[in-house]
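K.L.:
So I've got this file, final_35.cif, and it contains mmCIF, C-alpha atoms:
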```cif
data_model
loop_
_atom_site.label_atom_id
_atom_site.label_comp_id
_atom_site.auth_asym_id
_atom_site.auth_seq_id
_atom_site.Cartn_x
_atom_site.Cartn_y
_atom_site.Cartn_z
CA MET A 1 0.00 0.00 0.00
CA ARG A 2 1.35 3.42 -0.96
CA LYS A 3 1.31 5.99 1.85
CA TYR A 4 1.77 9.75 1.56
CA ASP A 5 1.67 12.74 3.87
CA TYR A 6 -0.54 14.58 1.36
CA ILE A 7 -2.66 13.13 -1.40
CA ILE A 8 -4.13 15.60 -3.89
CA ILE A 9 -6.98 14.52 -6.16
CA GLY A 10 -6.87 16.34 -9.49
CA ALA A 11 -3.96 17.45 -11.70
CA GLY A 12 -5.44 20.71 -12.89
CA ILE A 13 -3.96 24.13 -12.17
CA ILE A 14 -5.28 24.17 -8.58
CA GLY A 15 -3.91 20.75 -7.64
CA LEU A 16 -0.56 21.55 -9.27
CA THR A 17 -0.13 24.91 -7.53
CA ILE A 18 -1.19 23.51 -4.14
CA ALA A 19 1.42 20.75 -4.46
CA ARG A 20 4.03 23.38 -5.36
CA GLU A 21 3.03 25.56 -2.40
CA LEU A 22 3.22 22.62 0.01
CA LYS A 23 6.69 21.66 -1.22
CA GLN A 24 7.91 25.22 -0.83
CA ARG A 25 6.79 25.20 2.81
CA GLU A 26 7.55 21.58 3.69
CA PRO A 27 10.23 20.20 1.35
CA GLU A 28 10.50 16.85 3.19
CA VAL A 29 6.84 15.77 3.08
CA SER A 30 5.66 13.09 0.67
CA ILE A 31 3.02 14.23 -1.82
CA CYS A 32 1.23 12.50 -4.65
CA ILE A 33 -1.33 13.75 -7.13
CA LEU A 34 -4.00 11.33 -8.34
CA GLU A 35 -5.48 12.07 -11.76
CA LYS A 36 -8.07 10.03 -13.63
CA GLU A 37 -6.81 11.22 -17.03
CA SER A 38 -3.50 10.39 -18.74
CA ASP A 39 -1.86 13.79 -18.13
CA VAL A 40 -2.31 17.16 -16.44
CA ALA A 41 -4.81 19.84 -17.54
CA ALA A 42 -7.18 17.47 -19.34
CA HIS A 43 -10.29 19.45 -18.44
CA ALA A 44 -10.95 23.11 -17.48
CA SER A 45 -7.30 23.96 -16.81
CA GLY A 46 -6.30 23.05 -20.34
CA ARG A 47 -9.46 24.19 -22.12
CA ASN A 48 -9.85 27.75 -20.82
CA SER A 49 -9.27 30.97 -22.75
CA GLY A 50 -5.69 31.41 -21.56
CA VAL A 51 -6.46 34.99 -20.46
CA LEU A 52 -4.78 36.27 -17.31
CA HIS A 53 -7.39 38.64 -15.88
CA ALA A 54 -6.46 41.87 -14.11
CA GLY A 55 -8.97 41.83 -11.22
CA PHE A 56 -11.45 44.65 -11.82
CA TYR A 57 -14.64 42.61 -12.29
CA TYR A 58 -14.99 41.54 -8.67
CA SER A 59 -16.32 43.34 -5.61
CA ALA A 60 -13.66 44.40 -3.13
CA ASN A 61 -14.73 42.05 -0.35
CA SER A 62 -14.37 38.94 -2.53
CA LEU A 63 -11.52 36.45 -2.60
CA LYS A 64 -11.54 36.76 -6.40
CA ALA A 65 -10.69 40.47 -6.23
CA LYS A 66 -7.67 39.83 -4.02
CA PHE A 67 -6.39 36.72 -5.78
CA THR A 68 -6.89 37.92 -9.36
CA LYS A 69 -4.66 40.96 -8.91
CA GLU A 70 -1.98 38.97 -7.07
CA GLY A 71 -2.33 35.97 -9.36
CA ASN A 72 -1.96 38.02 -12.52
CA GLN A 73 1.36 39.35 -11.23
CA ALA A 74 2.52 35.93 -10.01
CA MET A 75 1.63 34.07 -13.21
CA ARG A 76 3.21 36.67 -15.49
CA ALA A 77 6.39 36.49 -13.38
CA TYR A 78 6.33 32.68 -13.48
CA CYS A 79 6.05 32.66 -17.27
CA LYS A 80 8.94 35.11 -17.65
CA LEU A 81 11.12 33.18 -15.18
CA ASN A 82 10.52 29.89 -16.99
CA GLY A 83 10.64 31.23 -20.54
CA LEU A 84 6.99 30.43 -21.21
CA GLN A 85 4.87 32.11 -23.86
CA LEU A 86 3.25 35.35 -22.69
CA ASN A 87 1.26 37.82 -24.77
CA GLU A 88 0.91 41.08 -22.81
CA CYS A 89 -1.74 42.40 -25.17
CA GLY A 90 -4.05 44.14 -22.67
CA LYS A 91 -7.84 44.43 -22.80
CA LEU A 92 -10.47 46.98 -23.82
CA VAL A 93 -13.96 46.92 -22.28
CA VAL A 94 -16.33 48.68 -24.66
CA ALA A 95 -19.91 49.95 -24.41
CA LYS A 96 -22.53 49.55 -27.12
CA ASP A 97 -24.78 52.46 -26.06
CA GLU A 98 -25.66 54.96 -23.32
CA THR A 99 -27.23 52.28 -21.11
CA GLU A 100 -23.88 50.50 -20.68
CA LEU A 101 -21.88 53.51 -19.50
CA ALA A 102 -23.04 52.91 -15.92
CA GLY A 103 -21.57 49.43 -16.15
CA LEU A 104 -18.22 50.88 -17.18
CA GLU A 105 -18.37 53.29 -14.23
CA GLU A 106 -18.97 50.38 -11.86
CA LEU A 107 -15.98 48.47 -13.27
CA LYS A 108 -13.76 51.54 -12.86
CA LEU A 109 -14.93 51.94 -9.28
CA ARG A 110 -14.13 48.30 -8.52
CA ALA A 111 -10.71 48.62 -10.14
CA ASP A 112 -9.89 51.70 -8.04
CA ILE A 113 -10.97 49.98 -4.83
CA ASN A 114 -9.03 46.81 -5.73
CA GLY A 115 -5.90 48.77 -6.68
CA VAL A 116 -5.98 47.52 -10.28
CA GLN A 117 -4.78 49.71 -13.14
CA LEU A 118 -7.73 50.56 -15.42
CA THR A 119 -7.72 53.65 -17.62
CA TRP A 120 -10.51 55.67 -19.24
CA MET A 121 -10.07 56.13 -22.98
CA ASN A 122 -11.99 58.14 -25.52
CA GLU A 123 -12.53 56.98 -29.09
CA GLN A 124 -9.33 58.62 -30.33
CA GLU A 125 -7.20 57.06 -27.59
CA ILE A 126 -8.78 53.65 -28.22
CA ALA A 127 -7.58 53.81 -31.80
CA SER A 128 -3.98 53.92 -30.55
CA ILE A 129 -4.55 50.58 -28.77
CA ASP A 130 -6.69 48.84 -31.40
CA PRO A 131 -7.93 50.81 -34.42
CA ASN A 132 -10.67 48.24 -34.99
CA ALA A 133 -12.23 48.47 -31.52
CA LYS A 134 -15.62 50.19 -31.41
CA THR A 135 -17.31 51.77 -28.42
CA TYR A 136 -19.93 54.33 -27.46
CA ARG A 137 -18.15 57.52 -26.32
CA LYS A 138 -15.55 55.86 -24.08
CA ALA A 139 -14.04 52.56 -22.96
CA LEU A 140 -11.79 51.12 -20.26
CA TYR A 141 -8.28 49.83 -20.94
CA SER A 142 -6.53 47.19 -18.82
CA PRO A 143 -2.79 47.08 -19.58
CA THR A 144 -2.04 44.12 -17.28
CA THR A 145 -4.44 41.65 -18.94
CA ALA A 146 -2.36 39.06 -20.81
CA SER A 147 -2.59 35.64 -22.46
CA VAL A 148 -0.70 32.41 -21.79
CA ASP A 149 -0.78 28.82 -23.02
CA PRO A 150 -2.55 27.10 -20.09
CA VAL A 151 -1.36 23.61 -21.05
CA GLU A 152 2.24 24.80 -21.27
CA VAL A 153 1.94 26.40 -17.83
CA CYS A 154 0.47 23.22 -16.31
CA ARG A 155 3.13 20.98 -17.85
CA THR A 156 5.84 23.28 -16.50
CA LEU A 157 4.28 23.08 -13.03
CA LYS A 158 4.15 19.30 -13.40
CA ARG A 159 7.86 19.19 -14.24
CA GLU A 160 8.71 21.47 -11.30
CA ASN A 161 6.67 19.31 -8.94
CA VAL A 162 8.34 16.12 -10.16
CA GLU A 163 11.77 17.70 -9.65
CA ASN A 164 10.69 18.54 -6.09
CA GLY A 165 9.69 14.94 -5.36
CA VAL A 166 5.94 15.04 -6.00
CA GLU A 167 4.67 11.76 -7.46
CA PHE A 168 1.94 11.57 -10.10
CA HIS A 169 -0.43 8.66 -10.57
CA PHE A 170 -2.32 9.05 -13.85
CA LEU A 171 -5.28 6.97 -15.02
CA THR A 172 -6.16 6.70 -11.34
CA LYS A 173 -9.81 7.36 -10.59
CA TYR A 174 -11.21 7.93 -7.10
CA ARG A 175 -13.74 5.28 -6.07
CA LYS A 176 -14.39 5.73 -2.35
CA HIS A 177 -12.64 6.18 0.97
CA ARG A 178 -12.69 4.58 4.39
CA GLY A 179 -10.88 6.39 7.16
CA ASP A 180 -7.42 7.29 5.84
CA LEU A 181 -7.64 4.87 2.93
CA LEU A 182 -8.44 5.89 -0.64
CA PHE A 183 -9.73 3.23 -2.99
CA THR A 184 -9.01 3.98 -6.63
CA SER A 185 -9.00 2.30 -10.03
CA SER A 186 -5.25 1.78 -9.53
CA GLY A 187 -5.30 0.32 -6.03
CA THR A 188 -5.39 1.61 -2.48
CA PHE A 189 -3.57 4.66 -1.12
CA LYS A 190 -3.11 5.80 2.47
CA PHE A 191 -2.95 9.48 3.41
CA ASN A 192 -2.26 11.68 6.39
CA TYR A 193 -4.10 14.54 4.69
CA LEU A 194 -6.28 14.63 1.59
CA ILE A 195 -6.85 17.65 -0.67
CA ASN A 196 -9.75 17.46 -3.11
CA CYS A 197 -9.14 19.49 -6.28
CA ALA A 198 -11.31 17.34 -8.53
CA GLY A 199 -13.03 20.18 -10.39
CA LEU A 200 -16.21 18.81 -11.96
CA TYR A 201 -16.32 16.03 -9.36
CA ALA A 202 -15.17 18.03 -6.32
CA ASP A 203 -18.69 18.17 -4.87
CA SER A 204 -19.30 14.42 -5.04
CA ILE A 205 -15.94 13.62 -3.40
CA ALA A 206 -16.60 16.28 -0.75
CA HIS A 207 -19.98 14.71 -0.03
CA ASP A 208 -18.23 11.37 0.62
CA PHE A 209 -16.19 13.13 3.31
CA GLY A 210 -19.18 14.91 4.82
CA PHE A 211 -18.58 18.35 3.28
CA GLY A 212 -20.35 20.56 0.74
CA GLY A 213 -23.80 19.29 1.66
CA LYS A 214 -25.63 22.39 0.44
CA TYR A 215 -23.80 22.51 -2.88
CA THR A 216 -23.80 20.73 -6.20
CA ILE A 217 -21.93 21.28 -9.47
CA ILE A 218 -23.90 22.53 -12.46
CA PRO A 219 -21.77 22.28 -15.63
CA PHE A 220 -21.78 25.00 -18.30
CA LYS A 221 -20.22 24.40 -21.71
CA GLY A 222 -17.90 27.06 -23.10
CA ILE A 223 -16.98 27.07 -26.80
CA TYR A 224 -14.81 29.51 -28.76
CA LEU A 225 -14.87 30.17 -32.51
CA LYS A 226 -11.53 30.81 -34.24
CA TYR A 227 -10.98 33.68 -36.67
CA THR A 228 -8.88 32.05 -39.37
CA LYS A 229 -8.58 34.90 -41.91
CA ASN A 230 -5.62 36.53 -40.17
CA LYS A 231 -4.14 37.50 -36.78
CA THR A 232 -4.22 41.25 -37.36
CA ASP A 233 -7.87 42.34 -37.56
CA VAL A 234 -8.01 42.50 -33.75
CA VAL A 235 -4.98 43.66 -31.75
CA THR A 236 -6.11 43.37 -28.12
CA ASN A 237 -8.73 41.52 -26.07
CA ILE A 238 -12.09 43.27 -26.57
CA TYR A 239 -14.83 42.60 -24.02
CA PRO A 240 -18.39 43.88 -23.63
CA VAL A 241 -19.79 45.36 -20.43
CA PRO A 242 -20.80 42.27 -18.42
CA ASN A 243 -23.90 41.58 -16.39
CA LEU A 244 -22.27 41.59 -12.95
CA LYS A 245 -25.19 39.66 -11.44
CA ASN A 246 -23.97 36.43 -13.02
CA PRO A 247 -20.44 35.03 -13.38
CA PHE A 248 -20.31 34.99 -17.20
CA LEU A 249 -18.52 37.81 -19.04
CA GLY A 250 -20.33 37.54 -22.38
CA VAL A 251 -19.02 36.84 -25.89
CA HIS A 252 -15.75 38.70 -26.49
CA TYR A 253 -12.65 38.78 -28.68
CA THR A 254 -9.63 37.00 -27.23
CA LYS A 255 -6.05 37.37 -28.42
CA THR A 256 -4.33 34.06 -27.75
CA VAL A 257 -0.70 33.65 -26.76
CA ASP A 258 0.36 33.22 -30.40
CA GLY A 259 -1.61 36.29 -31.53
CA SER A 260 -4.55 34.38 -32.99
CA ILE A 261 -8.09 35.73 -32.64
CA LYS A 262 -11.14 33.88 -31.29
CA ILE A 263 -14.59 34.88 -30.10
CA GLY A 264 -16.56 33.33 -27.28
CA PRO A 265 -17.24 31.70 -25.03
CA THR A 266 -20.70 30.28 -24.77
CA ALA A 267 -22.13 29.47 -21.34
CA MET A 268 -24.51 26.71 -22.38
CA PRO A 269 -26.08 24.59 -19.64
CA ALA A 270 -24.60 21.10 -20.03
CA PHE A 271 -26.48 17.89 -19.23
CA TRP A 272 -23.72 15.86 -17.58
CA ARG A 273 -20.34 16.78 -16.17
CA GLU A 274 -18.17 15.92 -19.17
CA ASN A 275 -20.77 16.77 -21.82
CA TYR A 276 -18.20 17.96 -24.34
CA GLN A 277 -19.54 16.55 -27.59
CA GLY A 278 -22.44 14.30 -28.60
CA LEU A 279 -22.97 11.46 -26.13
CA GLN A 280 -19.28 11.32 -25.20
CA GLY A 281 -18.91 10.70 -21.47
CA PHE A 282 -22.66 10.24 -20.97
CA ASN A 283 -23.59 9.28 -17.42
CA LEU A 284 -27.25 8.52 -16.72
CA LYS A 285 -27.06 9.26 -12.99
CA GLU A 286 -25.40 12.63 -13.62
CA PHE A 287 -27.86 13.41 -16.41
CA LEU A 288 -30.89 12.83 -14.19
CA GLN A 289 -29.44 14.82 -11.30
CA ILE A 290 -28.21 17.79 -13.34
CA VAL A 291 -31.27 18.03 -15.59
CA GLY A 292 -33.42 17.86 -12.46
CA PHE A 293 -31.69 20.94 -11.03
CA GLU A 294 -31.78 22.72 -14.39
CA LEU A 295 -35.52 22.12 -14.64
CA LYS A 296 -35.92 23.56 -11.15
CA LEU A 297 -33.87 26.61 -12.17
CA PHE A 298 -35.95 26.96 -15.34
CA ILE A 299 -39.24 26.80 -13.44
CA THR A 300 -38.18 29.20 -10.67
CA ASN A 301 -36.20 31.34 -13.14
CA SER A 302 -33.51 31.81 -10.51
CA PHE A 303 -30.80 34.32 -11.63
CA HIS A 304 -32.81 34.64 -14.90
CA PHE A 305 -31.83 31.10 -15.88
CA ARG A 306 -34.65 30.88 -18.42
CA ARG A 307 -33.34 33.81 -20.45
CA LEU A 308 -29.77 32.56 -20.11
CA ALA A 309 -30.72 29.11 -21.42
CA PHE A 310 -32.55 30.51 -24.47
CA GLN A 311 -29.76 32.98 -25.26
CA GLU A 312 -27.07 30.34 -24.98
CA MET A 313 -28.85 27.76 -27.12
CA ARG A 314 -29.05 30.35 -29.93
CA LYS A 315 -25.26 30.43 -29.97
CA TYR A 316 -25.24 27.04 -31.67
CA ILE A 317 -26.21 29.08 -34.76
CA LYS A 318 -22.85 30.22 -36.07
CA SER A 319 -24.14 33.39 -37.76
CA TYR A 320 -25.84 34.52 -34.54
CA PHE A 321 -22.70 33.77 -32.53
CA ILE A 322 -20.56 35.83 -34.91
CA GLY A 323 -23.13 38.62 -34.85
CA LEU A 324 -22.69 39.03 -31.09
CA GLY A 325 -19.11 40.07 -31.70
CA MET A 326 -19.73 42.36 -34.66
CA GLY A 327 -20.85 45.34 -32.57
CA MET A 328 -17.53 45.56 -30.69
CA VAL A 329 -15.41 46.16 -33.80
CA ARG A 330 -15.56 48.54 -36.73
CA GLU A 331 -14.98 45.86 -39.32
CA ILE A 332 -14.59 42.08 -39.32
CA ASP A 333 -15.13 39.52 -42.05
CA PRO A 334 -17.97 37.21 -40.97
CA LYS A 335 -16.68 34.67 -43.50
CA GLY A 336 -13.27 34.80 -41.84
CA PHE A 337 -14.39 32.67 -38.92
CA GLY A 338 -13.43 29.03 -39.23
CA HIS A 339 -13.98 26.18 -36.82
CA PHE A 340 -15.23 25.90 -33.28
CA LEU A 341 -12.40 25.10 -30.89
CA ARG A 342 -12.61 22.21 -28.46
CA PRO A 343 -15.15 22.94 -25.74
CA GLY A 344 -14.49 23.34 -22.06
CA ILE A 345 -16.82 22.71 -19.13
CA ARG A 346 -17.14 25.24 -16.34
CA ALA A 347 -17.65 23.50 -12.98
CA GLN A 348 -20.06 26.06 -11.53
CA LEU A 349 -21.17 25.57 -7.93
CA LEU A 350 -24.89 25.91 -7.17
CA ASN A 351 -26.31 26.47 -3.69
CA VAL A 352 -29.18 23.97 -3.66
CA GLU A 353 -30.93 25.80 -0.81
CA THR A 354 -31.08 29.24 -2.46
CA LEU A 355 -30.80 28.06 -6.11
CA GLU A 356 -28.16 30.74 -6.70
CA LEU A 357 -24.83 30.33 -8.47
CA VAL A 358 -21.91 30.74 -6.08
CA GLN A 359 -19.64 33.46 -7.47
CA ASP A 360 -16.66 33.31 -5.12
CA PHE A 361 -14.19 30.60 -4.13
CA VAL A 362 -15.43 28.05 -1.59
CA ILE A 363 -13.35 25.59 0.44
CA GLU A 364 -14.43 23.34 3.31
CA GLY A 365 -12.38 20.96 5.40
CA ASP A 366 -11.07 19.77 8.76
CA LYS A 367 -7.89 18.26 10.22
CA ARG A 368 -8.07 15.28 7.82
CA SER A 369 -9.16 16.73 4.48
CA MET A 370 -9.71 19.97 2.53
CA HIS A 371 -12.14 20.32 -0.40
CA VAL A 372 -11.93 22.99 -3.11
CA LEU A 373 -15.62 23.18 -3.99
CA ASN A 374 -15.69 26.29 -6.18
CA ALA A 375 -12.67 27.34 -8.22
CA VAL A 376 -14.22 28.76 -11.37
CA SER A 377 -12.98 31.56 -13.63
CA PRO A 378 -10.63 33.27 -13.08
CA ALA A 379 -9.21 30.36 -11.09
CA PHE A 380 -6.33 29.91 -13.53
CA THR A 381 -5.24 33.52 -12.99
CA CYS A 382 -5.79 33.21 -9.23
CA SER A 383 -4.14 29.82 -8.82
CA MET A 384 -0.89 30.76 -7.05
CA PRO A 385 -2.24 33.05 -4.30
CA PHE A 386 -5.31 30.82 -4.00
CA ALA A 387 -3.03 27.81 -3.42
CA ALA A 388 -1.32 29.72 -0.61
CA TYR A 389 -4.74 30.53 0.88
CA VAL A 390 -5.76 26.84 0.79
CA VAL A 391 -2.48 25.72 2.38
CA ASP A 392 -2.86 28.39 5.09
CA HIS A 393 -6.25 26.88 5.94
CA ILE A 394 -4.82 23.35 5.94
CA MET A 395 -2.06 24.39 8.36
CA LYS A 396 -4.60 26.09 10.59
CA GLN A 397 -6.84 23.00 10.63
CA ARG A 398 -3.89 20.73 11.38
CA GLY A 399 -2.37 23.07 13.93
CA GLY A 400 0.89 23.29 12.00
CA ALA A 401 3.00 21.49 9.42
CA LEU A 402 3.29 17.73 9.02
CA SER A 403 7.09 17.71 9.01
#
```
Would it be possible to restate this file's structure as structure tokens?
P.N.:
Amino acid sequence: MRKYDYIIIGAGIIGLTIARELKQREPEVSICILEKESDVAAHASGRNSGVLHAGFYYSANSLKAKFTKEGNQAMRAYCKLNGLQLNECGKLVVAKDETELAGLEELKLRADINGVQLTWMNEQEIASIDPNAKTYRKALYSPTTASVDPVEVCRTLKRENVENGVEFHFLTKYRKHRGDLLFTSSGTFKFNYLINCAGLYADSIAHDFGFGGKYTIIPFKGIYLKYTKNKTDVVTNIYPVPNLKNPFLGVHYTKTVDGSIKIGPTAMPAFWRENYQGLQGFNLKEFLQIVGFELKLFITNSFHFRRLAFQEMRKYIKSYFIGLGMGMVREIDPKGFGHFLRPGIRAQLLNVETLELVQDFVIEGDKRSMHVLNAVSPAFTCSMPFAAYVVDHIMKQRGGALS
């Protein structure tokens, strides 16, 4: 039987950065990461936009506000230190009409409170950043927004962890636990402390340990559409004014790390946790549970779910999807859009008592285990300071380090 001081379930960005943080604090402890896939970043961590957010979307009292600003700085520094790809292309947030100017004002207020650089620009100044960007009267510019290759980042973290003595067990799926024993598809493991970073399955594993009882994961499918005509028609990230009452930022233009252009994402309600394409990964139990909650959300129309569902389903129509992006630029070739990129699934936590989406990070645990229940966007940006926050809570629960 293999025994470790710490066992981490999940080799996404959160599991990788928590392992790194633990090794920095306690170099002598034994750590392994269990992952049901064949390599790191197989799900959300490797399928996200690659954008490093600046931290102006979130209210000042939220963990996201604190960790996004710090995480942006930490991840950009990590990429530079390790020679990883980094596109420091910035971001414009544009308004379509008078009604959206109040939304821009709110974002600027949040940026000022959070200590995040965000600059007002008029139409002439915007042209110096991206001549193709279109706004009503004014826009906001974020110079610290950047793009990375998320898979490259995760593989670099994997290599660093291996060099520091962290062991990886791939194709190892969690089955159940009894006491300090974990039963998996690759045998039994013994742990002193367990950290659950299982993403789409974090809630179900937490429930096995007696945590997260009032939460469940509702998956949302995000798809981007690539602009294949060229890499020059859009110079920077261009975002609309978001509806701050829900966690989705709306269809926008993203500049990838190699300078390519894509629009998206969707936020389509998915019907099972790994509902990427067709019936791939279909799970009847998950389907019944998730559709049951989605029907409840539809009937109660909590957080305007009904409107969200109808709007998102329309995005399967390519011409409609492209049209959502047309108003943010002066000129774009609608025939220049090529293929849909591989979808990602957002593991969005739902409070089953209030039927509201949980917008901030949530962790629960005790002296034996810690469960990362909600680590949605911008979790990739936030990952390094968030990992430190999780480890701080683990040390507090344990009353100190293991070593």
K.L.:
Given the file shown, determine the residues that the PyMOL selection byres ((chain A and resi 249-254) around 9) selects; report them as a PyMOL selection string.
P.N.:
chain A and resi 49-51+91+147+224+234+236-244+246-248+255-256+260-267+321+324-325+328
K.L.:
Run the PyMOL selection byres ((chain A and resi 166-181) around 9) against the file shown and list the residues it catches, as a tab-separated table (two decimals) with C-alpha atoms, in the coordinates of the input.
P.N.:
```
chain	number	residue	atom	x	y	z
A	9	ILE	CA	-6.98	14.52	-6.16
A	11	ALA	CA	-3.96	17.45	-11.70
A	19	ALA	CA	1.42	20.75	-4.46
A	20	ARG	CA	4.03	23.38	-5.36
A	23	LYS	CA	6.69	21.66	-1.22
A	30	SER	CA	5.66	13.09	0.67
A	31	ILE	CA	3.02	14.23	-1.82
A	32	CYS	CA	1.23	12.50	-4.65
A	33	ILE	CA	-1.33	13.75	-7.13
A	34	LEU	CA	-4.00	11.33	-8.34
A	35	GLU	CA	-5.48	12.07	-11.76
A	36	LYS	CA	-8.07	10.03	-13.63
A	37	GLU	CA	-6.81	11.22	-17.03
A	38	SER	CA	-3.50	10.39	-18.74
A	39	ASP	CA	-1.86	13.79	-18.13
A	40	VAL	CA	-2.31	17.16	-16.44
A	158	LYS	CA	4.15	19.30	-13.40
A	160	GLU	CA	8.71	21.47	-11.30
A	161	ASN	CA	6.67	19.31	-8.94
A	162	VAL	CA	8.34	16.12	-10.16
A	163	GLU	CA	11.77	17.70	-9.65
A	164	ASN	CA	10.69	18.54	-6.09
A	165	GLY	CA	9.69	14.94	-5.36
A	182	LEU	CA	-8.44	5.89	-0.64
A	183	PHE	CA	-9.73	3.23	-2.99
A	184	THR	CA	-9.01	3.98	-6.63
A	185	SER	CA	-9.00	2.30	-10.03
A	186	SER	CA	-5.25	1.78	-9.53
A	187	GLY	CA	-5.30	0.32	-6.03
A	188	THR	CA	-5.39	1.61	-2.48
A	189	PHE	CA	-3.57	4.66	-1.12
A	190	LYS	CA	-3.11	5.80	2.47
A	191	PHE	CA	-2.95	9.48	3.41
A	192	ASN	CA	-2.26	11.68	6.39
A	193	TYR	CA	-4.10	14.54	4.69
A	194	LEU	CA	-6.28	14.63	1.59
A	205	ILE	CA	-15.94	13.62	-3.40
A	208	ASP	CA	-18.23	11.37	0.62
A	209	PHE	CA	-16.19	13.13	3.31
A	368	ARG	CA	-8.07	15.28	7.82
```
K.L.:
If you apply the PyMOL selection byres ((chain A and resi 302-317) around 10) to this file, what residues do you get, as a PyMOL selection string?
P.N.:
chain A and resi 221-223+245-246+251+264-269+294-301+318-324+354-357
K.L.:
Please write the residues from the selection above to a file, keeping C-alpha atoms, as a short mmCIF file (atom, residue, chain, number, x, y, z; two decimals), keeping the file's coordinate frame.
P.N.:
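Done, and the output landed in selection_4.cif:
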```cif
data_model
loop_
_atom_site.label_atom_id
_atom_site.label_comp_id
_atom_site.auth_asym_id
_atom_site.auth_seq_id
_atom_site.Cartn_x
_atom_site.Cartn_y
_atom_site.Cartn_z
CA LYS A 221 -20.22 24.40 -21.71
CA GLY A 222 -17.90 27.06 -23.10
CA ILE A 223 -16.98 27.07 -26.80
CA LYS A 245 -25.19 39.66 -11.44
CA ASN A 246 -23.97 36.43 -13.02
CA VAL A 251 -19.02 36.84 -25.89
CA GLY A 264 -16.56 33.33 -27.28
CA PRO A 265 -17.24 31.70 -25.03
CA THR A 266 -20.70 30.28 -24.77
CA ALA A 267 -22.13 29.47 -21.34
CA MET A 268 -24.51 26.71 -22.38
CA PRO A 269 -26.08 24.59 -19.64
CA GLU A 294 -31.78 22.72 -14.39
CA LEU A 295 -35.52 22.12 -14.64
CA LYS A 296 -35.92 23.56 -11.15
CA LEU A 297 -33.87 26.61 -12.17
CA PHE A 298 -35.95 26.96 -15.34
CA ILE A 299 -39.24 26.80 -13.44
CA THR A 300 -38.18 29.20 -10.67
CA ASN A 301 -36.20 31.34 -13.14
CA LYS A 318 -22.85 30.22 -36.07
CA SER A 319 -24.14 33.39 -37.76
CA TYR A 320 -25.84 34.52 -34.54
CA PHE A 321 -22.70 33.77 -32.53
CA ILE A 322 -20.56 35.83 -34.91
CA GLY A 323 -23.13 38.62 -34.85
CA LEU A 324 -22.69 39.03 -31.09
CA THR A 354 -31.08 29.24 -2.46
CA LEU A 355 -30.80 28.06 -6.11
CA GLU A 356 -28.16 30.74 -6.70
CA LEU A 357 -24.83 30.33 -8.47
#
```
K.L.:
Which residues come within 9 Å of A:Asp130, counting only C-alpha atoms, excluding same-chain residues fewer than 2 positions away, as a list in words?
P.N.:
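With the cut-off at 9 Å, the set is Leu92, Ile126, Ala127, Ser128, Asn132, Ala133, Val234, Val235 and Thr236 of chain A.
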K.L.:
Between atom CA of A:Asn275 and atom CA of A:Cys197, what is the distance in Å, rounded to a tenth?
P.N.:
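Result for atom CA of A:Asn275 versus atom CA of A:Cys197: 19.6 Å, one decimal.
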K.L.:
Skip A:Pro219 itself and residues of its chain fewer than 6 positions away, then list as a PDB file with C-alpha atoms, in the frame of the given file all residues within 6 Å of it, counting only C-alpha atoms.
P.N.:
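Printed below is result23.pdb as written:
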```
ATOM      1  CA  ALA A 270     -24.600  21.100 -20.030  1.00  0.00           C
ATOM      2  CA  ARG A 273     -20.340  16.780 -16.170  1.00  0.00           C
ATOM      3  CA  ARG A 346     -17.140  25.240 -16.340  1.00  0.00           C
ATOM      4  CA  ALA A 347     -17.650  23.500 -12.980  1.00  0.00           C
ATOM      5  CA  GLN A 348     -20.060  26.060 -11.530  1.00  0.00           C
TER       6      GLN A 348
END
```
K.L.:
Contacts of A:Leu86 at 8 Å or less, counting only C-alpha atoms, minus same-chain residues fewer than 5 places along, as a PyMOL selection string?
P.N.:
chain A and resi 76+79-80+146-149+257
K.L.:
Selection from above, C-alpha atoms, as a PDB file, in the coordinates of the input, can you write it?
P.N.:
```
ATOM      1  CA  ARG A  76       3.210  36.670 -15.490  1.00  0.00           C
ATOM      2  CA  CYS A  79       6.050  32.660 -17.270  1.00  0.00           C
ATOM      3  CA  LYS A  80       8.940  35.110 -17.650  1.00  0.00           C
ATOM      4  CA  ALA A 146      -2.360  39.060 -20.810  1.00  0.00           C
ATOM      5  CA  SER A 147      -2.590  35.640 -22.460  1.00  0.00           C
ATOM      6  CA  VAL A 148      -0.700  32.410 -21.790  1.00  0.00           C
ATOM      7  CA  ASP A 149      -0.780  28.820 -23.020  1.00  0.00           C
ATOM      8  CA  VAL A 257      -0.700  33.650 -26.760  1.00  0.00           C
TER       9      VAL A 257
END
```
K.L.:
Write out as a tab-separated table the residues of stretch 10-55 of chain A that have any atom within 12 Å of an atom of stretch 101-116 of chain A, one row each with the nearest atom pair and its distance in Å to one decimal, counting only C-alpha atoms, sorted by chain and then rising number.
P.N.:
```
residue	atom	partner	partner_atom	distance
A:His53	CA	A:Val116	CA	10.6
A:Ala54	CA	A:Val116	CA	6.8
A:Gly55	CA	A:Val116	CA	6.5
```
K.L.:
Could you tell me which of A:Tyr136, A:Trp120, A:Tyr78, A:Tyr57 comes closest to A:Asp360 if we count all atoms listed in the file?
P.N.:
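The closest residue to A:Asp360 is A:Tyr57.
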K.L.:
For A:Met370, please output as a list in words all residues within 9 Å (counting only C-alpha atoms; exclusion window: fewer than 6 positions along the same chain).
P.N.:
Tyr193, Leu194, Ile195, Asn196, Cys197, Ala206, Ile363, Glu364, Val390, His393 and Ile394 of chain A
K.L.:
Compare A:Asn374, A:Gln73, A:Thr156, A:Gln124 by their minimum atom-to-atom distance to A:Gly212, counting all atoms listed in the file, and give me the closest one.
P.N.:
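Among the listed residues, the smallest separation from A:Gly212 belongs to A:Asn374.
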